file entry16.csv (CSV, C-alpha atoms)
chain,number,residue,atom,x,y,z
A,1,MET,CA,10.9,-14.1,-18.0
A,2,SER,CA,7.8,-12.0,-18.2
A,3,ALA,CA,5.0,-11.8,-15.6
A,4,PRO,CA,1.9,-14.0,-16.0
A,5,VAL,CA,-0.6,-13.0,-18.7
A,6,GLU,CA,-3.5,-12.5,-16.3
A,7,LEU,CA,-1.9,-9.6,-14.6
A,8,PRO,CA,-2.7,-6.0,-15.7
A,9,ASP,CA,0.0,-4.7,-18.1
A,10,ILE,CA,1.2,-2.0,-15.7
A,11,VAL,CA,1.6,-4.6,-12.9
A,12,SER,CA,3.6,-6.8,-15.3
A,13,ARG,CA,5.9,-3.9,-16.1
A,14,ALA,CA,6.5,-3.1,-12.4
A,15,LEU,CA,7.2,-6.8,-11.7
A,16,ASN,CA,9.7,-6.9,-14.6
A,17,LEU,CA,11.5,-3.9,-13.0
A,18,SER,CA,11.5,-5.8,-9.7
A,19,ARG,CA,13.1,-8.8,-11.4
A,20,THR,CA,15.7,-6.7,-13.2
A,21,ARG,CA,16.7,-4.9,-10.0
A,22,GLY,CA,16.7,-8.1,-7.8
A,23,PHE,CA,14.0,-6.5,-5.7
A,24,VAL,CA,12.3,-9.4,-3.9
A,25,THR,CA,10.0,-7.5,-1.5
A,26,SER,CA,7.3,-6.3,-3.9
A,27,SER,CA,3.7,-6.7,-3.0
A,28,ARG,CA,2.3,-10.2,-3.6
A,29,SER,CA,-0.4,-10.7,-6.2
A,30,GLU,CA,-2.9,-11.6,-3.5
A,31,THR,CA,-2.4,-8.3,-1.8
A,32,GLY,CA,-2.3,-6.5,-5.1
A,33,ARG,CA,-5.7,-7.8,-6.2
A,34,LEU,CA,-7.1,-6.6,-2.9
A,35,LEU,CA,-5.5,-3.2,-3.4
A,36,ALA,CA,-7.1,-3.0,-6.9
A,37,ALA,CA,-10.5,-3.9,-5.6
A,38,LEU,CA,-10.2,-1.4,-2.7
A,39,ALA,CA,-9.0,1.3,-5.2
A,40,ALA,CA,-12.1,0.6,-7.4
A,41,SER,CA,-14.3,1.4,-4.4
A,42,ARG,CA,-12.7,4.8,-3.7
A,43,THR,CA,-12.7,8.2,-5.3
A,44,GLY,CA,-10.2,11.0,-5.0
A,45,THR,CA,-6.5,10.6,-4.1
A,46,LEU,CA,-5.0,7.2,-3.4
A,47,GLY,CA,-1.5,7.1,-1.8
A,48,GLU,CA,1.3,4.7,-1.2
A,49,CYS,CA,4.4,5.0,0.9
A,50,GLY,CA,7.3,2.8,-0.1
A,51,THR,CA,7.1,2.7,-3.9
A,52,GLY,CA,9.8,0.1,-4.3
A,53,CYS,CA,9.6,-0.9,-8.0
A,54,GLY,CA,6.1,0.3,-8.3
A,55,VAL,CA,4.1,-2.9,-7.9
A,56,GLY,CA,1.7,-1.6,-5.3
A,57,ALA,CA,1.2,1.6,-7.2
A,58,ALA,CA,0.5,-0.4,-10.3
A,59,TRP,CA,-2.1,-2.5,-8.6
A,60,LEU,CA,-3.7,0.7,-7.2
A,61,SER,CA,-3.7,2.4,-10.6
A,62,SER,CA,-5.1,-0.7,-12.3
A,63,GLY,CA,-8.2,-0.5,-10.1
A,64,ALA,CA,-8.5,3.2,-9.6
A,65,ARG,CA,-11.6,4.9,-10.9
A,66,GLU,CA,-11.5,7.5,-13.6
A,67,GLY,CA,-10.7,10.9,-12.1
A,68,SER,CA,-8.7,9.4,-9.2
A,69,ARG,CA,-5.0,10.0,-8.6
A,70,VAL,CA,-2.3,7.8,-7.2
A,71,ILE,CA,0.6,9.4,-5.4
A,72,THR,CA,3.5,7.2,-4.2
A,73,THR,CA,6.7,8.1,-2.3
A,74,GLU,CA,10.1,6.4,-2.7
A,75,LEU,CA,13.2,7.3,-0.7
A,76,ASP,CA,15.7,6.1,-3.4
A,77,PRO,CA,15.8,8.8,-6.2
A,78,ALA,CA,17.1,6.3,-8.8
A,79,LEU,CA,14.3,3.9,-8.0
A,80,ALA,CA,11.7,6.7,-8.1
A,81,ASP,CA,13.0,7.7,-11.5
A,82,ALA,CA,12.8,4.2,-12.8
A,83,VAL,CA,9.2,3.8,-11.5
A,84,SER,CA,8.2,7.2,-13.0
A,85,ALA,CA,9.3,5.9,-16.4
A,86,ILE,CA,6.9,3.0,-16.0
A,87,PHE,CA,4.0,5.4,-15.4
A,88,ALA,CA,5.1,8.0,-18.0
A,89,ASP,CA,1.9,7.4,-20.0
A,90,ASP,CA,-0.5,7.6,-17.0
A,91,PRO,CA,-0.9,11.2,-15.8
A,92,ARG,CA,-3.0,9.9,-12.8
A,93,VAL,CA,0.2,8.5,-11.2
A,94,GLU,CA,2.8,10.7,-9.5
A,95,VAL,CA,6.0,9.3,-8.0
A,96,ILE,CA,7.6,11.5,-5.4
A,97,THR,CA,11.1,11.2,-4.1
A,98,GLY,CA,11.1,11.3,-0.3
A,99,ASP,CA,10.1,9.4,2.8
A,100,TRP,CA,6.5,8.4,3.5
A,101,THR,CA,5.7,11.6,5.4
A,102,ALA,CA,6.0,13.5,2.1
A,103,LEU,CA,2.4,12.3,1.5
A,104,ARG,CA,1.3,15.0,4.0
A,105,ASN,CA,1.6,17.6,1.2
A,106,HIS,CA,-1.0,15.8,-0.8
A,107,ARG,CA,-3.7,14.9,1.8
A,108,PRO,CA,-6.4,14.1,2.3
A,109,PHE,CA,-6.4,10.5,0.9
A,110,SER,CA,-9.3,8.2,0.4
A,111,LEU,CA,-6.9,5.2,0.6
A,112,VAL,CA,-3.3,4.9,1.7
A,113,PHE,CA,-1.2,1.7,1.3
A,114,LEU,CA,1.4,1.7,4.0
A,115,ASP,CA,4.1,-0.4,2.5
A,116,VAL,CA,6.9,0.9,4.7
A,117,ARG,CA,7.7,-0.4,8.2
A,118,ASP,CA,8.1,3.1,9.7
A,119,ALA,CA,4.7,4.1,8.5
A,120,LYS,CA,3.0,1.1,10.1
A,121,HIS,CA,4.9,1.6,13.3
A,122,SER,CA,4.3,5.4,13.5
A,123,GLY,CA,0.7,4.4,14.1
A,124,ALA,CA,-2.6,5.9,13.7
A,125,ASP,CA,-1.7,9.4,14.8
A,126,LEU,CA,0.2,10.2,11.6
A,127,VAL,CA,-2.0,8.1,9.4
A,128,SER,CA,-5.2,9.6,10.6
A,129,GLU,CA,-3.8,13.0,9.4
A,130,LEU,CA,-3.4,11.6,5.9
A,131,LEU,CA,-6.9,10.1,5.6
A,132,GLU,CA,-10.2,11.8,4.9
A,133,PRO,CA,-13.1,10.7,7.2
A,134,GLY,CA,-14.0,7.2,5.9
A,135,GLY,CA,-10.6,6.9,4.4
A,136,VAL,CA,-8.9,3.5,4.4
A,137,ALA,CA,-5.3,2.5,5.4
A,138,VAL,CA,-4.0,-0.9,4.1
A,139,MET,CA,-1.0,-2.6,5.7
A,140,ASP,CA,0.5,-5.8,4.3
A,141,ASP,CA,3.1,-8.4,5.3
A,142,PHE,CA,1.5,-9.7,8.5
A,143,THR,CA,1.6,-13.3,9.6
A,144,PRO,CA,-1.9,-14.5,10.1
A,145,CYS,CA,-3.0,-14.7,13.8
A,146,SER,CA,-6.1,-16.1,15.3
A,147,THR,CA,-5.4,-15.3,19.0
A,148,TRP,CA,-6.1,-12.4,21.2
A,149,PRO,CA,-4.0,-10.6,22.0
A,150,PRO,CA,-2.3,-10.9,18.6
A,151,MET,CA,1.0,-12.7,18.8
A,152,TYR,CA,4.1,-12.8,16.6
A,153,GLU,CA,7.2,-14.9,17.3
A,154,GLY,CA,6.0,-15.6,20.9
A,155,ARG,CA,5.3,-12.0,21.9
A,156,VAL,CA,2.3,-9.7,21.7
A,157,ASP,CA,2.3,-7.9,18.4
A,158,SER,CA,1.8,-4.5,19.8
A,159,MET,CA,1.7,-2.7,16.5
A,160,ARG,CA,-1.1,-5.0,15.3
A,161,GLU,CA,-2.9,-4.6,18.6
A,162,GLN,CA,-2.6,-0.8,18.4
A,163,TRP,CA,-4.3,-0.8,15.0
A,164,LEU,CA,-7.0,-3.3,16.0
A,165,THR,CA,-8.0,-1.3,19.1
A,166,ASP,CA,-7.5,2.4,18.1
A,167,PRO,CA,-10.9,4.1,18.5
A,168,ARG,CA,-10.4,6.3,15.5
A,169,PHE,CA,-10.4,3.3,13.2
A,170,THR,CA,-12.4,0.2,12.5
A,171,THR,CA,-9.8,-2.3,11.7
A,172,VAL,CA,-9.9,-5.9,10.4
A,173,GLU,CA,-7.2,-8.5,9.7
A,174,VAL,CA,-7.8,-10.3,6.4
A,175,MET,CA,-5.9,-13.3,5.3
A,176,VAL,CA,-5.0,-13.0,1.6
A,177,ALA,CA,-3.1,-16.3,1.5
A,178,SER,CA,-2.4,-19.0,4.0
A,179,ASP,CA,0.8,-17.4,5.0
A,180,THR,CA,0.0,-13.7,4.9
A,181,ALA,CA,-2.5,-11.2,6.1
A,182,VAL,CA,-3.4,-7.6,5.6
A,183,LEU,CA,-4.8,-5.0,8.0
A,184,ILE,CA,-7.5,-2.8,6.6
A,185,ALA,CA,-8.3,0.2,8.9
A,186,SER,CA,-11.2,2.6,8.1
A,187,ARG,CA,-11.0,6.0,9.7
A,188,ARG,CA,-14.2,6.8,11.6

call {"tool": "encode", "arguments": {"input": "entry16.csv", "output": "structure tokens"}}
result
Amino acid sequence: MSAPVELPDIVSRALNLSRTRGFVTSSRSETGRLLAALAASRTGTLGECGTGCGVGAAWLSSGAREGSRVITTELDPALADAVSAIFADDPRVEVITGDWTALRNHRPFSLVFLDVRDAKHSGADLVSELLEPGGVAVMDDFTPCSTWPPMYEGRVDSMREQWLTDPRFTTVEVMVASDTAVLIASRR
């Protein structure tokens, strides 16, 4: 089965790789469309940690302005190779084998998509090193929350609270669907 027609071709190819590999944790289309819109508003280098099957990188590249680059890191060498093949015709996209901290070698970024739990939990200290002033970090897979302090499974969501209160960032939680939210943090 192929991906829906309304998706950018590169996103469809990444989703097909996800299906083939049984990879069920790819970025949702609602998040992807937001990534593409944010990428279209940025210049320079865009980054992603946690390439997976390349769906997030595909959304970023589909929205990226001419002259921008997309650098994505994947821990699994075989998966990184498979995703590199998807982007073989797009010299703007580079897939690096390594953990998310490998992005340090390519900073500063105007936008970073944190699609790895460790990156989100490492917090603003490391992420602020990656971003240029005014740069944006995007984090997905949050359950929407309308209370303060933010709660998840009956406890204070300390990671979300940290991002929403860190004075180095202006952060907002955005619902992209009724069951999922994204944090967008702009470096001051």

call {"tool": "atom_distance", "arguments": {"input": "entry16.csv", "atom1": "atom CA of Leu131 of chain A", "atom2": "atom CA of Ala181 of chain A"}}
result
21.8 Å

call {"tool": "residues_around", "arguments": {"input": "entry16.csv", "residues": "segment 10-17 of chain A", "least_positions_apart": "6", "cutoff": "6 Å", "atoms": "only C-alpha atoms", "output": "list in words"}}
result
Ala3, Cys53, Gly54, Val55 and Ala58 of chain A

call {"tool": "write_last_selection", "arguments": {"input": "entry16.csv", "atoms": "C-alpha atoms", "output": "PDB file, keeping the file's coordinate frame"}}
result
ATOM      1  CA  ALA A   3       5.000 -11.800 -15.600  1.00  0.00           C
ATOM      2  CA  CYS A  53       9.600  -0.900  -8.000  1.00  0.00           C
ATOM      3  CA  GLY A  54       6.100   0.300  -8.300  1.00  0.00           C
ATOM      4  CA  VAL A  55       4.100  -2.900  -7.900  1.00  0.00           C
ATOM      5  CA  ALA A  58       0.500  -0.400 -10.300  1.00  0.00           C
TER       6      ALA A  58
END

call {"tool": "residues_around", "arguments": {"input": "entry16.csv", "residues": "segment 19-29 of chain A", "least_positions_apart": "6", "cutoff": "12 Å", "atoms": "all atoms listed in the file", "output": "PDB file with C-alpha atoms, in the frame of the given file"}}
result
ATOM      1  CA  MET A   1      10.900 -14.100 -18.000  1.00  0.00           C
ATOM      2  CA  SER A   2       7.800 -12.000 -18.200  1.00  0.00           C
ATOM      3  CA  ALA A   3       5.000 -11.800 -15.600  1.00  0.00           C
ATOM      4  CA  PRO A   4       1.900 -14.000 -16.000  1.00  0.00           C
ATOM      5  CA  GLU A   6      -3.500 -12.500 -16.300  1.00  0.00           C
ATOM      6  CA  LEU A   7      -1.900  -9.600 -14.600  1.00  0.00           C
ATOM      7  CA  PRO A   8      -2.700  -6.000 -15.700  1.00  0.00           C
ATOM      8  CA  VAL A  11       1.600  -4.600 -12.900  1.00  0.00           C
ATOM      9  CA  SER A  12       3.600  -6.800 -15.300  1.00  0.00           C
ATOM     10  CA  ARG A  13       5.900  -3.900 -16.100  1.00  0.00           C
ATOM     11  CA  LEU A  35      -5.500  -3.200  -3.400  1.00  0.00           C
ATOM     12  CA  ALA A  36      -7.100  -3.000  -6.900  1.00  0.00           C
ATOM     13  CA  GLU A  48       1.300   4.700  -1.200  1.00  0.00           C
ATOM     14  CA  GLY A  50       7.300   2.800  -0.100  1.00  0.00           C
ATOM     15  CA  THR A  51       7.100   2.700  -3.900  1.00  0.00           C
ATOM     16  CA  GLY A  52       9.800   0.100  -4.300  1.00  0.00           C
ATOM     17  CA  CYS A  53       9.600  -0.900  -8.000  1.00  0.00           C
ATOM     18  CA  GLY A  54       6.100   0.300  -8.300  1.00  0.00           C
ATOM     19  CA  VAL A  55       4.100  -2.900  -7.900  1.00  0.00           C
ATOM     20  CA  GLY A  56       1.700  -1.600  -5.300  1.00  0.00           C
ATOM     21  CA  ALA A  57       1.200   1.600  -7.200  1.00  0.00           C
ATOM     22  CA  ALA A  58       0.500  -0.400 -10.300  1.00  0.00           C
ATOM     23  CA  TRP A  59      -2.100  -2.500  -8.600  1.00  0.00           C
ATOM     24  CA  LEU A  60      -3.700   0.700  -7.200  1.00  0.00           C
ATOM     25  CA  ALA A  78      17.100   6.300  -8.800  1.00  0.00           C
ATOM     26  CA  LEU A  79      14.300   3.900  -8.000  1.00  0.00           C
ATOM     27  CA  ALA A  82      12.800   4.200 -12.800  1.00  0.00           C
ATOM     28  CA  VAL A  83       9.200   3.800 -11.500  1.00  0.00           C
ATOM     29  CA  PHE A 113      -1.200   1.700   1.300  1.00  0.00           C
ATOM     30  CA  LEU A 114       1.400   1.700   4.000  1.00  0.00           C
ATOM     31  CA  ASP A 115       4.100  -0.400   2.500  1.00  0.00           C
ATOM     32  CA  VAL A 116       6.900   0.900   4.700  1.00  0.00           C
ATOM     33  CA  VAL A 138      -4.000  -0.900   4.100  1.00  0.00           C
ATOM     34  CA  MET A 139      -1.000  -2.600   5.700  1.00  0.00           C
ATOM     35  CA  ASP A 140       0.500  -5.800   4.300  1.00  0.00           C
ATOM     36  CA  ASP A 141       3.100  -8.400   5.300  1.00  0.00           C
ATOM     37  CA  VAL A 176      -5.000 -13.000   1.600  1.00  0.00           C
ATOM     38  CA  ALA A 177      -3.100 -16.300   1.500  1.00  0.00           C
ATOM     39  CA  ASP A 179       0.800 -17.400   5.000  1.00  0.00           C
ATOM     40  CA  THR A 180       0.000 -13.700   4.900  1.00  0.00           C
ATOM     41  CA  ALA A 181      -2.500 -11.200   6.100  1.00  0.00           C
ATOM     42  CA  VAL A 182      -3.400  -7.600   5.600  1.00  0.00           C
TER      43      VAL A 182
END

call {"tool": "closest_residue", "arguments": {"input": "entry16.csv", "among": "A:Ser110, A:Ser158, A:Thr73, A:Ser146", "to": "Met175 of chain A", "atoms": "only C-alpha atoms"}}
result
A:Ser146

call {"tool": "atom_distance", "arguments": {"input": "entry16.csv", "atom1": "atom CA of Arg104 of chain A", "atom2": "atom CA of Asp76 of chain A"}}
result
18.5 Å

call {"tool": "residues_around", "arguments": {"input": "entry16.csv", "residues": "Leu164 of chain A", "least_positions_apart": "3", "cutoff": "12 Å", "atoms": "all atoms listed in the file", "output": "NGL selection string"}}
result
:A and (123-124 or 139 or 148-150 or 157-161 or 167-174 or 182-187)

call {"tool": "atom_distance", "arguments": {"input": "entry16.csv", "atom1": "atom CA of Ala119 of chain A", "atom2": "atom CA of Cys49 of chain A"}}
result
7.7 Å

call {"tool": "closest_residue", "arguments": {"input": "entry16.csv", "among": "A:Thr45, A:Ile86, A:Thr143, A:Arg33", "to": "Ser62 of chain A", "atoms": "all atoms listed in the file"}}
result
A:Arg33

call {"tool": "residues_around", "arguments": {"input": "entry16.csv", "residues": "Pro91 of chain A", "least_positions_apart": "3", "cutoff": "12 Å", "atoms": "all atoms listed in the file", "output": "PDB file with C-alpha atoms, keeping the file's coordinate frame"}}
result
ATOM      1  CA  SER A  61      -3.700   2.400 -10.600  1.00  0.00           C
ATOM      2  CA  GLU A  66     -11.500   7.500 -13.600  1.00  0.00           C
ATOM      3  CA  GLY A  67     -10.700  10.900 -12.100  1.00  0.00           C
ATOM      4  CA  SER A  68      -8.700   9.400  -9.200  1.00  0.00           C
ATOM      5  CA  ARG A  69      -5.000  10.000  -8.600  1.00  0.00           C
ATOM      6  CA  VAL A  70      -2.300   7.800  -7.200  1.00  0.00           C
ATOM      7  CA  ILE A  71       0.600   9.400  -5.400  1.00  0.00           C
ATOM      8  CA  SER A  84       8.200   7.200 -13.000  1.00  0.00           C
ATOM      9  CA  ALA A  85       9.300   5.900 -16.400  1.00  0.00           C
ATOM     10  CA  ILE A  86       6.900   3.000 -16.000  1.00  0.00           C
ATOM     11  CA  PHE A  87       4.000   5.400 -15.400  1.00  0.00           C
ATOM     12  CA  ALA A  88       5.100   8.000 -18.000  1.00  0.00           C
ATOM     13  CA  GLU A  94       2.800  10.700  -9.500  1.00  0.00           C
ATOM     14  CA  VAL A  95       6.000   9.300  -8.000  1.00  0.00           C
TER      15      VAL A  95
END

call {"tool": "closest_residue", "arguments": {"input": "entry16.csv", "among": "A:Lys120, A:Arg155, A:Arg92, A:His106", "to": "Glu132 of chain A", "atoms": "all atoms listed in the file"}}
result
A:His106
